[in-house]
Amino acid sequence: MYKVSEFSEMTGLSKETLRYYAEVKLIEPAYIDPNNNYRYYDDGSYFLAILLVKLRSFGFTIQEMISVMEDESFEHLEDLLIQKKETIRLQIEELQQKTEEIDAFLASGKETK
């Protein structure tokens with residue numbers, strides 16, 4: 001079992017984030033000491049926390065992460081990752097188009113001088 005501070009250091013998730021994730025049922029402590037309310041996490045919690053860190057880095061919203069965690073078999077995780085990849089690809093295309101529009105706008109301004 002790992003204390004919150006140890007678990008936070010291991011996973012890179014702040015204590016506040018762990019508290020929030022517990023509130024929204026993303027990851028809950030494996031054990032809460034009834035005497036002092038200290039929260040403890042185990043190795044299974046570590047796997048889930050690392051998954052959450054990865055999903056967040058991929059741009060998953062809290063609601064999307066909740067959907068992943070509710071599917072305890074992770075049966076649909078691959079599909080969700082493929083969908084997220086496609087969304088990111090489309091965003092890249094849109095941003096590329098915007099940069100081209102900016103370049104064209106800047107060029108047109110230089111032509112009138």
# chains A, B, ... in the order shown; residues from 1 in each chain; ligands from 1
$ select_by_dssp --residues "segment 51-80 of chain A" --states "helix (DSSP H, G or I)" --output "number ranges by chain"
A: 51-57, 62-70, 77-80
$ write_last_selection --atoms "N, CA, C and O atoms" --output "PDB file, in the first residue's frame"
ATOM      1  N   LEU A  51      -2.736   4.755 -16.576  1.00  0.00           N
ATOM      2  CA  LEU A  51      -3.655   4.812 -17.716  1.00  0.00           C
ATOM      3  C   LEU A  51      -4.308   6.190 -17.792  1.00  0.00           C
ATOM      4  O   LEU A  51      -4.390   6.789 -18.872  1.00  0.00           O
ATOM      5  N   LEU A  52      -4.748   6.723 -16.666  1.00  0.00           N
ATOM      6  CA  LEU A  52      -5.379   8.043 -16.642  1.00  0.00           C
ATOM      7  C   LEU A  52      -4.400   9.137 -17.074  1.00  0.00           C
ATOM      8  O   LEU A  52      -4.770  10.048 -17.811  1.00  0.00           O
ATOM      9  N   VAL A  53      -3.160   9.033 -16.624  1.00  0.00           N
ATOM     10  CA  VAL A  53      -2.142  10.011 -17.028  1.00  0.00           C
ATOM     11  C   VAL A  53      -1.977   9.978 -18.550  1.00  0.00           C
ATOM     12  O   VAL A  53      -1.926  11.025 -19.205  1.00  0.00           O
ATOM     13  N   LYS A  54      -1.926   8.788 -19.116  1.00  0.00           N
ATOM     14  CA  LYS A  54      -1.776   8.644 -20.568  1.00  0.00           C
ATOM     15  C   LYS A  54      -2.988   9.209 -21.302  1.00  0.00           C
ATOM     16  O   LYS A  54      -2.847   9.956 -22.270  1.00  0.00           O
ATOM     17  N   LEU A  55      -4.179   8.848 -20.851  1.00  0.00           N
ATOM     18  CA  LEU A  55      -5.396   9.332 -21.503  1.00  0.00           C
ATOM     19  C   LEU A  55      -5.449  10.851 -21.467  1.00  0.00           C
ATOM     20  O   LEU A  55      -5.812  11.501 -22.449  1.00  0.00           O
ATOM     21  N   ARG A  56      -5.088  11.436 -20.327  1.00  0.00           N
ATOM     22  CA  ARG A  56      -5.103  12.897 -20.200  1.00  0.00           C
ATOM     23  C   ARG A  56      -4.107  13.522 -21.169  1.00  0.00           C
ATOM     24  O   ARG A  56      -4.392  14.541 -21.790  1.00  0.00           O
ATOM     25  N   SER A  57      -2.939  12.881 -21.312  1.00  0.00           N
ATOM     26  CA  SER A  57      -1.928  13.420 -22.223  1.00  0.00           C
ATOM     27  C   SER A  57      -2.386  13.327 -23.679  1.00  0.00           C
ATOM     28  O   SER A  57      -1.922  14.083 -24.526  1.00  0.00           O
ATOM     29  N   ILE A  62     -12.439  14.610 -18.947  1.00  0.00           N
ATOM     30  CA  ILE A  62     -12.783  13.854 -17.741  1.00  0.00           C
ATOM     31  C   ILE A  62     -13.919  12.877 -18.059  1.00  0.00           C
ATOM     32  O   ILE A  62     -13.868  11.710 -17.671  1.00  0.00           O
ATOM     33  N   GLN A  63     -14.928  13.345 -18.787  1.00  0.00           N
ATOM     34  CA  GLN A  63     -16.063  12.473 -19.119  1.00  0.00           C
ATOM     35  C   GLN A  63     -15.618  11.286 -19.969  1.00  0.00           C
ATOM     36  O   GLN A  63     -16.073  10.158 -19.757  1.00  0.00           O
ATOM     37  N   GLU A  64     -14.717  11.521 -20.915  1.00  0.00           N
ATOM     38  CA  GLU A  64     -14.209  10.417 -21.737  1.00  0.00           C
ATOM     39  C   GLU A  64     -13.424   9.432 -20.880  1.00  0.00           C
ATOM     40  O   GLU A  64     -13.543   8.215 -21.057  1.00  0.00           O
ATOM     41  N   MET A  65     -12.660   9.950 -19.926  1.00  0.00           N
ATOM     42  CA  MET A  65     -11.899   9.064 -19.045  1.00  0.00           C
ATOM     43  C   MET A  65     -12.838   8.260 -18.154  1.00  0.00           C
ATOM     44  O   MET A  65     -12.596   7.083 -17.894  1.00  0.00           O
ATOM     45  N   ILE A  66     -13.912   8.884 -17.707  1.00  0.00           N
ATOM     46  CA  ILE A  66     -14.905   8.159 -16.900  1.00  0.00           C
ATOM     47  C   ILE A  66     -15.496   7.020 -17.722  1.00  0.00           C
ATOM     48  O   ILE A  66     -15.655   5.904 -17.216  1.00  0.00           O
ATOM     49  N   SER A  67     -15.794   7.260 -18.985  1.00  0.00           N
ATOM     50  CA  SER A  67     -16.339   6.209 -19.853  1.00  0.00           C
ATOM     51  C   SER A  67     -15.367   5.037 -19.959  1.00  0.00           C
ATOM     52  O   SER A  67     -15.775   3.874 -19.912  1.00  0.00           O
ATOM     53  N   VAL A  68     -14.087   5.355 -20.090  1.00  0.00           N
ATOM     54  CA  VAL A  68     -13.073   4.293 -20.165  1.00  0.00           C
ATOM     55  C   VAL A  68     -13.060   3.501 -18.867  1.00  0.00           C
ATOM     56  O   VAL A  68     -13.055   2.264 -18.878  1.00  0.00           O
ATOM     57  N   MET A  69     -13.060   4.197 -17.742  1.00  0.00           N
ATOM     58  CA  MET A  69     -12.953   3.520 -16.447  1.00  0.00           C
ATOM     59  C   MET A  69     -14.219   2.733 -16.101  1.00  0.00           C
ATOM     60  O   MET A  69     -14.138   1.712 -15.415  1.00  0.00           O
ATOM     61  N   GLU A  70     -15.365   3.176 -16.596  1.00  0.00           N
ATOM     62  CA  GLU A  70     -16.607   2.435 -16.334  1.00  0.00           C
ATOM     63  C   GLU A  70     -16.629   1.116 -17.094  1.00  0.00           C
ATOM     64  O   GLU A  70     -17.290   0.178 -16.682  1.00  0.00           O
ATOM     65  N   LEU A  77     -11.523   0.446 -25.323  1.00  0.00           N
ATOM     66  CA  LEU A  77     -10.427   1.408 -25.220  1.00  0.00           C
ATOM     67  C   LEU A  77      -9.754   1.629 -26.574  1.00  0.00           C
ATOM     68  O   LEU A  77      -9.485   2.767 -26.964  1.00  0.00           O
ATOM     69  N   GLU A  78      -9.506   0.571 -27.308  1.00  0.00           N
ATOM     70  CA  GLU A  78      -8.852   0.717 -28.610  1.00  0.00           C
ATOM     71  C   GLU A  78      -9.694   1.579 -29.550  1.00  0.00           C
ATOM     72  O   GLU A  78      -9.174   2.468 -30.226  1.00  0.00           O
ATOM     73  N   ASP A  79     -11.008   1.332 -29.563  1.00  0.00           N
ATOM     74  CA  ASP A  79     -11.892   2.137 -30.408  1.00  0.00           C
ATOM     75  C   ASP A  79     -11.850   3.619 -30.014  1.00  0.00           C
ATOM     76  O   ASP A  79     -11.811   4.498 -30.872  1.00  0.00           O
ATOM     77  N   LEU A  80     -11.874   3.876 -28.710  1.00  0.00           N
ATOM     78  CA  LEU A  80     -11.823   5.259 -28.233  1.00  0.00           C
ATOM     79  C   LEU A  80     -10.503   5.927 -28.613  1.00  0.00           C
ATOM     80  O   LEU A  80     -10.479   7.095 -28.990  1.00  0.00           O
TER      81      LEU A  80
END
$ residues_around --residues "Ala22 of chain A" --least-positions-apart "2" --cutoff "12 Å" --atoms "only C-alpha atoms" --output "PDB file with all heavy atoms, in the first residue's frame"
ATOM      1  N   VAL A   4      -0.781   8.589   0.016  1.00  0.00           N
ATOM      2  CA  VAL A   4      -1.112   9.521  -1.059  1.00  0.00           C
ATOM      3  C   VAL A   4       0.139  10.228  -1.569  1.00  0.00           C
ATOM      4  O   VAL A   4       0.334  10.360  -2.781  1.00  0.00           O
ATOM      5  CB  VAL A   4      -2.170  10.546  -0.604  1.00  0.00           C
ATOM      6  CG1 VAL A   4      -2.365  11.612  -1.645  1.00  0.00           C
ATOM      7  CG2 VAL A   4      -3.484   9.862  -0.313  1.00  0.00           C
ATOM      8  N   LYS A  15      -1.757  15.487  -5.376  1.00  0.00           N
ATOM      9  CA  LYS A  15      -2.699  15.042  -4.340  1.00  0.00           C
ATOM     10  C   LYS A  15      -4.096  15.583  -4.635  1.00  0.00           C
ATOM     11  O   LYS A  15      -5.088  14.880  -4.451  1.00  0.00           O
ATOM     12  CB  LYS A  15      -2.242  15.502  -2.963  1.00  0.00           C
ATOM     13  CG  LYS A  15      -0.948  14.878  -2.502  1.00  0.00           C
ATOM     14  CD  LYS A  15      -0.519  15.484  -1.174  1.00  0.00           C
ATOM     15  CE  LYS A  15       0.879  15.087  -0.814  1.00  0.00           C
ATOM     16  NZ  LYS A  15       1.330  15.719   0.432  1.00  0.00           N
ATOM     17  N   GLU A  16      -4.150  16.835  -5.105  1.00  0.00           N
ATOM     18  CA  GLU A  16      -5.433  17.459  -5.426  1.00  0.00           C
ATOM     19  C   GLU A  16      -6.116  16.727  -6.579  1.00  0.00           C
ATOM     20  O   GLU A  16      -7.332  16.515  -6.556  1.00  0.00           O
ATOM     21  CB  GLU A  16      -5.241  18.935  -5.775  1.00  0.00           C
ATOM     22  CG  GLU A  16      -4.788  19.800  -4.630  1.00  0.00           C
ATOM     23  CD  GLU A  16      -3.289  19.673  -4.313  1.00  0.00           C
ATOM     24  OE1 GLU A  16      -2.524  19.169  -5.175  1.00  0.00           O
ATOM     25  OE2 GLU A  16      -2.890  20.058  -3.206  1.00  0.00           O
ATOM     26  N   THR A  17      -5.327  16.358  -7.580  1.00  0.00           N
ATOM     27  CA  THR A  17      -5.891  15.618  -8.718  1.00  0.00           C
ATOM     28  C   THR A  17      -6.400  14.258  -8.260  1.00  0.00           C
ATOM     29  O   THR A  17      -7.492  13.840  -8.652  1.00  0.00           O
ATOM     30  CB  THR A  17      -4.841  15.458  -9.838  1.00  0.00           C
ATOM     31  OG1 THR A  17      -4.465  16.756 -10.302  1.00  0.00           O
ATOM     32  CG2 THR A  17      -5.387  14.643 -10.991  1.00  0.00           C
ATOM     33  N   LEU A  18      -5.647  13.589  -7.413  1.00  0.00           N
ATOM     34  CA  LEU A  18      -6.092  12.287  -6.897  1.00  0.00           C
ATOM     35  C   LEU A  18      -7.399  12.447  -6.112  1.00  0.00           C
ATOM     36  O   LEU A  18      -8.311  11.626  -6.241  1.00  0.00           O
ATOM     37  CB  LEU A  18      -5.014  11.658  -6.015  1.00  0.00           C
ATOM     38  CG  LEU A  18      -3.789  11.119  -6.756  1.00  0.00           C
ATOM     39  CD1 LEU A  18      -2.676  10.770  -5.781  1.00  0.00           C
ATOM     40  CD2 LEU A  18      -4.175   9.898  -7.584  1.00  0.00           C
ATOM     41  N   ARG A  19      -7.493  13.507  -5.333  1.00  0.00           N
ATOM     42  CA  ARG A  19      -8.716  13.768  -4.570  1.00  0.00           C
ATOM     43  C   ARG A  19      -9.892  14.011  -5.524  1.00  0.00           C
ATOM     44  O   ARG A  19     -10.977  13.456  -5.352  1.00  0.00           O
ATOM     45  CB  ARG A  19      -8.498  14.985  -3.657  1.00  0.00           C
ATOM     46  CG  ARG A  19      -9.278  14.913  -2.378  1.00  0.00           C
ATOM     47  CD  ARG A  19      -8.901  16.012  -1.381  1.00  0.00           C
ATOM     48  NE  ARG A  19      -7.616  15.726  -0.741  1.00  0.00           N
ATOM     49  CZ  ARG A  19      -6.534  16.506  -0.836  1.00  0.00           C
ATOM     50  NH1 ARG A  19      -6.559  17.631  -1.496  1.00  0.00           N
ATOM     51  NH2 ARG A  19      -5.421  16.162  -0.222  1.00  0.00           N
ATOM     52  N   TYR A  20      -9.649  14.824  -6.558  1.00  0.00           N
ATOM     53  CA  TYR A  20     -10.698  15.109  -7.541  1.00  0.00           C
ATOM     54  C   TYR A  20     -11.089  13.841  -8.297  1.00  0.00           C
ATOM     55  O   TYR A  20     -12.281  13.561  -8.473  1.00  0.00           O
ATOM     56  CB  TYR A  20     -10.235  16.190  -8.517  1.00  0.00           C
ATOM     57  CG  TYR A  20     -11.237  16.439  -9.610  1.00  0.00           C
ATOM     58  CD1 TYR A  20     -12.458  17.056  -9.333  1.00  0.00           C
ATOM     59  CD2 TYR A  20     -10.991  16.033 -10.917  1.00  0.00           C
ATOM     60  CE1 TYR A  20     -13.402  17.270 -10.335  1.00  0.00           C
ATOM     61  CE2 TYR A  20     -11.927  16.242 -11.919  1.00  0.00           C
ATOM     62  CZ  TYR A  20     -13.121  16.860 -11.626  1.00  0.00           C
ATOM     63  OH  TYR A  20     -14.061  17.050 -12.611  1.00  0.00           O
ATOM     64  N   VAL A  24     -14.918  12.105  -8.596  1.00  0.00           N
ATOM     65  CA  VAL A  24     -15.663  11.818  -9.823  1.00  0.00           C
ATOM     66  C   VAL A  24     -15.611  10.324 -10.182  1.00  0.00           C
ATOM     67  O   VAL A  24     -16.037   9.926 -11.257  1.00  0.00           O
ATOM     68  CB  VAL A  24     -15.187  12.683 -11.017  1.00  0.00           C
ATOM     69  CG1 VAL A  24     -15.437  14.151 -10.743  1.00  0.00           C
ATOM     70  CG2 VAL A  24     -13.737  12.409 -11.376  1.00  0.00           C
ATOM     71  N   LYS A  25     -15.078   9.530  -9.271  1.00  0.00           N
ATOM     72  CA  LYS A  25     -15.057   8.066  -9.398  1.00  0.00           C
ATOM     73  C   LYS A  25     -14.153   7.569 -10.530  1.00  0.00           C
ATOM     74  O   LYS A  25     -14.405   6.534 -11.124  1.00  0.00           O
ATOM     75  CB  LYS A  25     -16.471   7.507  -9.589  1.00  0.00           C
ATOM     76  CG  LYS A  25     -17.471   7.940  -8.543  1.00  0.00           C
ATOM     77  CD  LYS A  25     -17.260   7.208  -7.250  1.00  0.00           C
ATOM     78  CE  LYS A  25     -18.415   7.465  -6.309  1.00  0.00           C
ATOM     79  NZ  LYS A  25     -18.044   7.995  -5.044  1.00  0.00           N
ATOM     80  N   LEU A  26     -13.093   8.312 -10.822  1.00  0.00           N
ATOM     81  CA  LEU A  26     -12.128   7.838 -11.815  1.00  0.00           C
ATOM     82  C   LEU A  26     -11.187   6.818 -11.196  1.00  0.00           C
ATOM     83  O   LEU A  26     -10.922   5.776 -11.773  1.00  0.00           O
ATOM     84  CB  LEU A  26     -11.314   9.013 -12.371  1.00  0.00           C
ATOM     85  CG  LEU A  26     -11.890   9.695 -13.581  1.00  0.00           C
ATOM     86  CD1 LEU A  26     -11.095  10.936 -13.931  1.00  0.00           C
ATOM     87  CD2 LEU A  26     -11.947   8.752 -14.768  1.00  0.00           C
ATOM     88  N   ILE A  27     -10.652   7.149 -10.050  1.00  0.00           N
ATOM     89  CA  ILE A  27      -9.786   6.219  -9.318  1.00  0.00           C
ATOM     90  C   ILE A  27      -9.976   6.492  -7.835  1.00  0.00           C
ATOM     91  O   ILE A  27      -9.892   7.644  -7.397  1.00  0.00           O
ATOM     92  CB  ILE A  27      -8.307   6.360  -9.730  1.00  0.00           C
ATOM     93  CG1 ILE A  27      -7.447   5.327  -9.022  1.00  0.00           C
ATOM     94  CG2 ILE A  27      -7.795   7.764  -9.511  1.00  0.00           C
ATOM     95  CD1 ILE A  27      -6.036   5.244  -9.549  1.00  0.00           C
ATOM     96  N   GLU A  28     -10.275   5.455  -7.123  1.00  0.00           N
ATOM     97  CA  GLU A  28     -10.530   5.603  -5.698  1.00  0.00           C
ATOM     98  C   GLU A  28      -9.447   4.889  -4.910  1.00  0.00           C
ATOM     99  O   GLU A  28      -8.861   3.916  -5.393  1.00  0.00           O
ATOM    100  CB  GLU A  28     -11.906   5.035  -5.363  1.00  0.00           C
ATOM    101  CG  GLU A  28     -13.024   5.783  -6.079  1.00  0.00           C
ATOM    102  CD  GLU A  28     -14.407   5.284  -5.719  1.00  0.00           C
ATOM    103  OE1 GLU A  28     -14.789   5.467  -4.552  1.00  0.00           O
ATOM    104  OE2 GLU A  28     -15.064   4.732  -6.596  1.00  0.00           O
ATOM    105  N   PRO A  29      -9.165   5.368  -3.716  1.00  0.00           N
ATOM    106  CA  PRO A  29      -8.159   4.688  -2.897  1.00  0.00           C
ATOM    107  C   PRO A  29      -8.551   3.228  -2.661  1.00  0.00           C
ATOM    108  O   PRO A  29      -9.737   2.904  -2.568  1.00  0.00           O
ATOM    109  CB  PRO A  29      -8.175   5.466  -1.581  1.00  0.00           C
ATOM    110  CG  PRO A  29      -8.845   6.762  -1.891  1.00  0.00           C
ATOM    111  CD  PRO A  29      -9.762   6.504  -3.037  1.00  0.00           C
ATOM    112  N   ALA A  30      -7.550   2.376  -2.560  1.00  0.00           N
ATOM    113  CA  ALA A  30      -7.813   0.967  -2.275  1.00  0.00           C
ATOM    114  C   ALA A  30      -8.270   0.789  -0.831  1.00  0.00           C
ATOM    115  O   ALA A  30      -9.028  -0.121  -0.510  1.00  0.00           O
ATOM    116  CB  ALA A  30      -6.553   0.139  -2.531  1.00  0.00           C
ATOM    117  N   ILE A  32      -9.119   3.289   2.905  1.00  0.00           N
ATOM    118  CA  ILE A  32      -9.142   4.530   3.683  1.00  0.00           C
ATOM    119  C   ILE A  32      -9.147   4.130   5.154  1.00  0.00           C
ATOM    120  O   ILE A  32     -10.046   3.413   5.608  1.00  0.00           O
ATOM    121  CB  ILE A  32     -10.375   5.400   3.353  1.00  0.00           C
ATOM    122  CG1 ILE A  32     -10.360   5.795   1.877  1.00  0.00           C
ATOM    123  CG2 ILE A  32     -10.416   6.633   4.251  1.00  0.00           C
ATOM    124  CD1 ILE A  32     -11.588   6.554   1.413  1.00  0.00           C
ATOM    125  N   ARG A  39      -5.704   8.058   2.988  1.00  0.00           N
ATOM    126  CA  ARG A  39      -6.014   7.254   1.809  1.00  0.00           C
ATOM    127  C   ARG A  39      -4.777   6.483   1.376  1.00  0.00           C
ATOM    128  O   ARG A  39      -3.672   7.016   1.376  1.00  0.00           O
ATOM    129  CB  ARG A  39      -6.509   8.161   0.680  1.00  0.00           C
ATOM    130  CG  ARG A  39      -7.808   8.851   1.022  1.00  0.00           C
ATOM    131  CD  ARG A  39      -8.196   9.931   0.039  1.00  0.00           C
ATOM    132  NE  ARG A  39      -7.262  11.055   0.153  1.00  0.00           N
ATOM    133  CZ  ARG A  39      -6.760  11.710  -0.875  1.00  0.00           C
ATOM    134  NH1 ARG A  39      -7.091  11.386  -2.107  1.00  0.00           N
ATOM    135  NH2 ARG A  39      -5.933  12.703  -0.692  1.00  0.00           N
ATOM    136  N   TYR A  40      -4.986   5.239   0.957  1.00  0.00           N
ATOM    137  CA  TYR A  40      -3.896   4.388   0.500  1.00  0.00           C
ATOM    138  C   TYR A  40      -4.264   3.784  -0.855  1.00  0.00           C
ATOM    139  O   TYR A  40      -5.428   3.474  -1.123  1.00  0.00           O
ATOM    140  CB  TYR A  40      -3.629   3.258   1.498  1.00  0.00           C
ATOM    141  CG  TYR A  40      -3.120   3.750   2.827  1.00  0.00           C
ATOM    142  CD1 TYR A  40      -4.001   4.067   3.856  1.00  0.00           C
ATOM    143  CD2 TYR A  40      -1.757   3.919   3.040  1.00  0.00           C
ATOM    144  CE1 TYR A  40      -3.535   4.538   5.071  1.00  0.00           C
ATOM    145  CE2 TYR A  40      -1.278   4.383   4.262  1.00  0.00           C
ATOM    146  CZ  TYR A  40      -2.174   4.690   5.266  1.00  0.00           C
ATOM    147  OH  TYR A  40      -1.716   5.156   6.470  1.00  0.00           O
ATOM    148  N   TYR A  41      -3.246   3.642  -1.676  1.00  0.00           N
ATOM    149  CA  TYR A  41      -3.422   3.072  -3.010  1.00  0.00           C
ATOM    150  C   TYR A  41      -2.570   1.822  -3.128  1.00  0.00           C
ATOM    151  O   TYR A  41      -1.577   1.669  -2.421  1.00  0.00           O
ATOM    152  CB  TYR A  41      -3.016   4.101  -4.073  1.00  0.00           C
ATOM    153  CG  TYR A  41      -3.932   5.303  -4.094  1.00  0.00           C
ATOM    154  CD1 TYR A  41      -3.691   6.400  -3.277  1.00  0.00           C
ATOM    155  CD2 TYR A  41      -5.035   5.343  -4.930  1.00  0.00           C
ATOM    156  CE1 TYR A  41      -4.535   7.499  -3.288  1.00  0.00           C
ATOM    157  CE2 TYR A  41      -5.884   6.436  -4.951  1.00  0.00           C
ATOM    158  CZ  TYR A  41      -5.629   7.510  -4.130  1.00  0.00           C
ATOM    159  OH  TYR A  41      -6.471   8.586  -4.147  1.00  0.00           O
ATOM    160  N   SER A  45      -4.210   0.194  -8.344  1.00  0.00           N
ATOM    161  CA  SER A  45      -4.474   1.625  -8.473  1.00  0.00           C
ATOM    162  C   SER A  45      -3.396   2.288  -9.313  1.00  0.00           C
ATOM    163  O   SER A  45      -3.667   3.215 -10.080  1.00  0.00           O
ATOM    164  CB  SER A  45      -4.497   2.299  -7.095  1.00  0.00           C
ATOM    165  OG  SER A  45      -5.450   1.715  -6.249  1.00  0.00           O
ATOM    166  N   ALA A  49      -3.938   4.595 -12.525  1.00  0.00           N
ATOM    167  CA  ALA A  49      -3.451   5.976 -12.506  1.00  0.00           C
ATOM    168  C   ALA A  49      -2.572   6.263 -13.727  1.00  0.00           C
ATOM    169  O   ALA A  49      -2.704   7.320 -14.352  1.00  0.00           O
ATOM    170  CB  ALA A  49      -2.669   6.243 -11.219  1.00  0.00           C
ATOM    171  N   ILE A  66     -13.912   8.884 -17.707  1.00  0.00           N
ATOM    172  CA  ILE A  66     -14.905   8.159 -16.900  1.00  0.00           C
ATOM    173  C   ILE A  66     -15.496   7.020 -17.722  1.00  0.00           C
ATOM    174  O   ILE A  66     -15.655   5.904 -17.216  1.00  0.00           O
ATOM    175  CB  ILE A  66     -15.994   9.117 -16.376  1.00  0.00           C
ATOM    176  CG1 ILE A  66     -15.415  10.038 -15.299  1.00  0.00           C
ATOM    177  CG2 ILE A  66     -17.199   8.353 -15.842  1.00  0.00           C
ATOM    178  CD1 ILE A  66     -16.330  11.173 -14.871  1.00  0.00           C
TER     179      ILE A  66
END
$ closest_residue --among "A:Phe105, A:Gly59, A:Phe47, A:Ser14" --to "Lys85 of chain A" --atoms "only C-alpha atoms"
A:Gly59
$ atom_distance --atom1 "atom CA of Phe74 of chain A" --atom2 "atom CA of Leu48 of chain A"
11.1 Å
$ atom_distance --atom1 "atom CA of Asp71 of chain A" --atom2 "atom CA of Ile88 of chain A"
22.9 Å
$ atom_distance --atom1 "atom CA of Thr87 of chain A" --atom2 "atom CA of Thr99 of chain A"
18.5 Å
$ closest_residue --among "A:Ile92, A:Ile82, A:Ala104, A:Leu13" --to "Tyr46 of chain A" --atoms "only C-alpha atoms"
A:Leu13
